[in-house]
Amino acid sequence: MPVKYYILIIVAALLVFIGFDAFFIINEQNQAIVTQFGRPVGDPVTTPGLKTKVPFIQKVNYFDKRYLEWDGDVNQIPTRDKRFLFVDTYARWEITDPLQFFRRLRDESGGQSRLDDILDGETRNAVANNELLELVRSTNRSPEETEDIFEEMDELEQIEVGRDAIEAMVLQRANERTADLGIRVLDFRFKRINYVDDVRERVYERMISERNRIADLFRSEGEGEARRISGERERELNRIMSEAVRTSDRIRGRADAEATAIYATAYNRNAASRSLYEFLKTLETYEKTLDDDVTLILTTDSDLFRLMRTSD
Amino acid sequence: MTEKNPFGNIQIPREIIMLKKHLWKIVVVVLLVFVGFSSLYTVGPEEVGVVLQFGKYNRTTQPGLNYKIPIFEEVFTIPVERQLKQEFGFRTEEVGVRSRYATANLEDETLMLTGDLNLAEVEWVVQYRINDPYLYLFRVRNAEKTLRDMSESIMRKVVGDRTVNEVLTVGRQQVATEVEVLMQQLCDEYELGIAIDQVVLQDVNPPDPVKPSFNAVNEAQQQRETLINRALAEYNQVIPRARGEAQELIEQAEGYAINRVNRAQGEADRFTAVYEEYIQAPQVTRKRLYLETMERLLPNMGEKIIIDENSANVLPLLQLGQTRTGGIN
């Protein structure tokens with residue numbers, strides 16, 4: 001094979017190679033800027049598809065077009081009311097101006113580390129400038145009552161700022177500070193806020209004592225209620241029985257009165273009836289009182305034996 | 001066809017010569033097979049395929065066998081119909097009739113501050129579906145991780161607005177519902193392409209060191225009920241009985257009254273009857289009644305002594321008390 005032939009093959013291969021380097025693909029997830037010897041050339045490429053550039057001389061720098069994650073350092077930060085907390089945060093951000101981003105931060109890890117500085121710092125400020133309650137709560141809703149006895153525990157203290165507002169403030173501050181970096185922070189949030197260990201222990205102790213107090217309350221409430229019921233029982237018992245005795249006495253009295261009236265009407269008709277009653281009652285009394293234990297001494301003067309003396 | 005034989009006089013087998021002859025054809029066939037295979041792909045029944053052409057979104061393909069242009073087109077299959085879930089505070093280790101769960105070292109995930117600055121441990125599950133594969137793939141990097149962060153943040157926010165009592169008892173459903181709503185809002189804001197189906201609260205407990213005291217409260221509550229019940233039982237044992245006794249007393253009085261009045265009436269009637277007759281002849285009746293009574297009485301009496309009205313002072317002669325023994329019978 002002639003040498004000419006070989007040269008032709010090499011040139012063709014070179015052309016193909018150069019040809020390939022003249023194209024690049026931007027997919028849906030990416031955007032890019034083209035640089036020539038390190039200096040950006042032309043507008044950023046933000047639409048997906050097959051693109052061209054000058055081979056070899058120009059270089060493509062890809063950036064993600066999507067929302068990117070940012071995860072905060074777990075920091076131990078004191079709040080304004082001097083409680084030490086572990087604060088874990090997250091944010092989502094995007095590269096809005098790849099050119100500016102490229103100039104200022106070069107690449108994504110540069111972006112992440114700048115965000116670390118800004119967001120961690122703002123978090124620290126926000127936590128240190130607010131009381132714990134403001135970080136935990138977001139609204140002043142009135143909590144539902146669970147049980148009468150928990151009444152005082154079913155209340156929440158009022159807050160002034162609230163978690164939402166603090167997050168929004170951090171977000172706003174961060175966006176102010178990242179304005180010329182070609183990035184936008186979409187959202188910033190507290191992921192986890194927890195007490196550091198020794199504070200946690202003290203909270204546990206408080207919770208335990210609180211619960212014990214409730215338990216005591218329950219028990220004493222039970223005892224009190226039992227006493228009340230027992231007292232009520234006693235009272236009710238006395239009421240029922242005394243009322244019954246009263247009613248019964250009243251009935252008996254009325255009956256006695258009625259009987260007395262009946263007797264009186266019958267016996268007190270006139271002198272004769274009164275005399276007859278006396279006479280009959282006396283005889284009846286004799287009959288009841290005189291039995292075989294009695295020694296009867298009668299004189300002949302008595303009505304019965306008057307005849308023994310004289311028969312007239 | 002005469003060719004130089006590089007191996008001198010070695011006889012080349014006919015098959016190799018044939019192979020050499022048809023090499024081009026073989027290469028073409030292999031290439032065709034390769035192109036065929038790499039241009040066909042299957043989309044599962046619960047999936048859709050998202051096709052990119054030169055990196056640009058081109059079309060969404062439905063379940064079944066589909067084709068694409070090799071090299072220039074790229075496919076992502078996304079299970080849009082499948083319900084996916086994320087677990088917080090535990091991980092399902094083995095699914096089965098009796099699933100196993102691991103909870104070790106997940107305390108940080110579950111422990112959260114309540115609105116009254118107490119601590120509660122909350123375990124929950126988020127069930128979701130990918131409802132927009134385009135957004136899911138191309139709008140957010142690592143949508144799953146974003147969903148996780150979001151869910152943790154929102155759960156703490158919602159729990160942070162409630163008392164520990166509420167979270168542990170009456171507020172459970174409310175918490176789940178509110179988290180669900182807020183998560184969907186945030187999914188839309190972040191353009192995750194994810195729809196939240198349901199947020200389910202699993203175990204919601206006080207932290208381990210505090211648990212015994214919470215149980216003590218329950219116990220005390222039971223104790224309270226027991227004490228009250230016992231007192232009520234005693235009340236119930238006594239009071240209805242007393243009511244009966246009271247009624248008894250009254251009935252007895254009524255009985256007495258009837259008895260008393262009837263007897264009085266009877267006696268009065270009897271007296272009146274006697275009186276009516278007596279008044280006709282008082283002297284005789286009086287005598288008769290006296291004598292009849294005496295007649296009835298005297299035989300039953302013990303000693304009977306009749307003395308003359310003039311012989312006074314006989315009493316000393318009588319030996320009272322001895323009369324019974326020696327008396328007439």
# chains A, B, ... in the order shown; residues from 1 in each chain; ligands from 1
>>> select_by_dssp(residues="range 81-140 of chain A", states="strand (DSSP E)", output="number ranges by chain")
A: 84-95
>>> write_last_selection(atoms="C-alpha atoms", output="PDB file, in the first residue's frame")
ATOM      1  CA  PHE A  84     -27.508  24.905  73.926  1.00  0.00           C
ATOM      2  CA  LEU A  85     -28.969  23.258  70.900  1.00  0.00           C
ATOM      3  CA  PHE A  86     -27.883  21.066  68.053  1.00  0.00           C
ATOM      4  CA  VAL A  87     -29.218  22.752  64.964  1.00  0.00           C
ATOM      5  CA  ASP A  88     -29.368  20.876  61.667  1.00  0.00           C
ATOM      6  CA  THR A  89     -30.477  22.791  58.618  1.00  0.00           C
ATOM      7  CA  TYR A  90     -30.988  22.243  54.928  1.00  0.00           C
ATOM      8  CA  ALA A  91     -31.459  24.473  51.909  1.00  0.00           C
ATOM      9  CA  ARG A  92     -32.183  24.140  48.221  1.00  0.00           C
ATOM     10  CA  TRP A  93     -30.515  26.416  45.731  1.00  0.00           C
ATOM     11  CA  GLU A  94     -29.957  26.795  42.022  1.00  0.00           C
ATOM     12  CA  ILE A  95     -27.465  28.392  39.681  1.00  0.00           C
TER      13      ILE A  95
END
>>> closest_atom_pairs(of="chain B", to="chain A", cutoff="6 Å", atoms="only C-alpha atoms", output="tab-separated table")
residue	atom	partner	partner_atom	distance
B:Phe54	CA	A:Gly49	CA	5.2
B:Gly55	CA	A:Asn27	CA	3.5
B:Lys56	CA	A:Pro48	CA	4.8
B:Gly115	CA	A:Arg137	CA	5.8
B:Phe138	CA	A:Gln29	CA	5.0
B:Arg139	CA	A:Arg66	CA	4.7
B:Val140	CA	A:Tyr67	CA	4.6
B:Arg141	CA	A:Leu68	CA	5.6
B:Glu152	CA	A:Lys191	CA	5.9
B:Ser153	CA	A:Lys191	CA	4.3
B:Gly160	CA	A:Arg137	CA	5.0
B:Asp161	CA	A:Arg137	CA	4.9
B:Val210	CA	A:Ile208	CA	5.7
B:Ser213	CA	A:Ile208	CA	5.6
B:Val217	CA	A:Ala215	CA	4.4
B:Ala220	CA	A:Ala215	CA	5.1
B:Gln221	CA	A:Phe218	CA	5.6
B:Arg224	CA	A:Gly222	CA	3.9
B:Leu227	CA	A:Gly222	CA	5.6
B:Ile228	CA	A:Ala226	CA	4.9
B:Ala231	CA	A:Ala226	CA	5.1
B:Tyr235	CA	A:Arg233	CA	5.4
B:Ala246	CA	A:Ala244	CA	4.8
B:Ile250	CA	A:Ser248	CA	4.8
B:Ala253	CA	A:Ser248	CA	4.9
B:Ala257	CA	A:Ala255	CA	4.6
B:Val261	CA	A:Ala259	CA	5.0
B:Ala264	CA	A:Ala259	CA	5.1
B:Ala268	CA	A:Ala266	CA	5.4
B:Asn300	CA	A:Asp292	CA	5.4
B:Met301	CA	A:Asp292	CA	3.9
B:Gly302	CA	A:Asp292	CA	4.3
B:Glu303	CA	A:Thr295	CA	4.5
B:Lys304	CA	A:Leu296	CA	4.7
B:Ile305	CA	A:Ile297	CA	4.6
B:Ile306	CA	A:Leu298	CA	4.7
B:Ile307	CA	A:Thr299	CA	4.7
B:Asp308	CA	A:Thr300	CA	5.2
B:Glu309	CA	A:Thr299	CA	5.1
>>> atom_distance(atom1="CA of Thr169 in chain B", atom2="CA of Leu201 in chain B")
11.8 Å
>>> select_by_dssp(residues="range 35-208 of chain A", states="alpha helix (DSSP H)", output="PyMOL selection string")
chain A and resi 98-105+108-128+132-136+163-177+197-208
>>> write_last_selection(atoms="C-alpha atoms", output="compact mmCIF listing (two decimals), in the first residue's frame")
# COMPACT_ATOMS: atom_id res chain seq x y z
CA PRO A 98 -23.90 30.40 35.19
CA LEU A 99 -21.56 33.07 33.89
CA GLN A 100 -21.50 35.00 37.13
CA PHE A 101 -21.33 31.73 39.03
CA PHE A 102 -18.35 30.63 36.97
CA ARG A 103 -16.57 33.91 37.50
CA ARG A 104 -17.13 34.04 41.24
CA LEU A 105 -17.15 30.46 42.37
CA GLU A 108 -20.26 23.63 42.35
CA SER A 109 -18.03 22.77 45.27
CA GLY A 110 -17.01 26.40 45.36
CA GLY A 111 -20.68 27.25 45.53
CA GLN A 112 -21.33 24.76 48.31
CA SER A 113 -18.51 26.07 50.45
CA ARG A 114 -19.63 29.69 49.98
CA LEU A 115 -23.15 28.63 50.96
CA ASP A 116 -21.69 26.91 54.02
CA ASP A 117 -20.16 30.20 55.09
CA ILE A 118 -23.28 32.24 54.47
CA LEU A 119 -26.00 29.89 55.68
CA ASP A 120 -24.14 28.50 58.69
CA GLY A 121 -23.35 32.04 59.73
CA GLU A 122 -26.91 33.24 59.29
CA THR A 123 -28.20 30.21 61.14
CA ARG A 124 -25.90 30.96 64.02
CA ASN A 125 -27.08 34.57 64.13
CA ALA A 126 -30.72 33.63 63.89
CA VAL A 127 -30.49 31.08 66.68
CA ALA A 128 -28.45 33.31 68.93
CA LEU A 132 -35.72 28.62 71.95
CA LEU A 133 -39.50 28.84 71.92
CA GLU A 134 -39.42 31.06 68.85
CA LEU A 135 -37.36 28.45 67.02
CA VAL A 136 -39.65 25.60 67.93
CA ARG A 163 -39.92 29.41 63.25
CA ASP A 164 -41.39 30.28 59.85
CA ALA A 165 -40.43 33.91 60.18
CA ILE A 166 -36.92 33.06 61.34
CA GLU A 167 -36.43 30.70 58.41
CA ALA A 168 -37.76 33.33 56.05
CA MET A 169 -35.36 35.87 57.51
CA VAL A 170 -32.35 33.59 57.10
CA LEU A 171 -33.45 32.91 53.53
CA GLN A 172 -33.79 36.59 52.78
CA ARG A 173 -30.41 37.46 54.29
CA ALA A 174 -28.77 34.59 52.41
CA ASN A 175 -30.27 35.72 49.14
CA GLU A 176 -29.05 39.25 49.74
CA ARG A 177 -25.55 37.96 50.27
CA ASP A 197 -27.09 15.91 75.95
CA ASP A 198 -26.84 17.45 79.40
CA VAL A 199 -29.70 19.84 78.72
CA ARG A 200 -31.67 16.88 77.48
CA GLU A 201 -31.09 15.05 80.76
CA ARG A 202 -32.46 18.02 82.64
CA VAL A 203 -35.48 18.15 80.37
CA TYR A 204 -36.11 14.49 81.05
CA GLU A 205 -35.94 15.17 84.77
CA ARG A 206 -38.40 17.99 84.40
CA MET A 207 -40.75 15.84 82.36
CA ILE A 208 -40.54 13.06 84.92
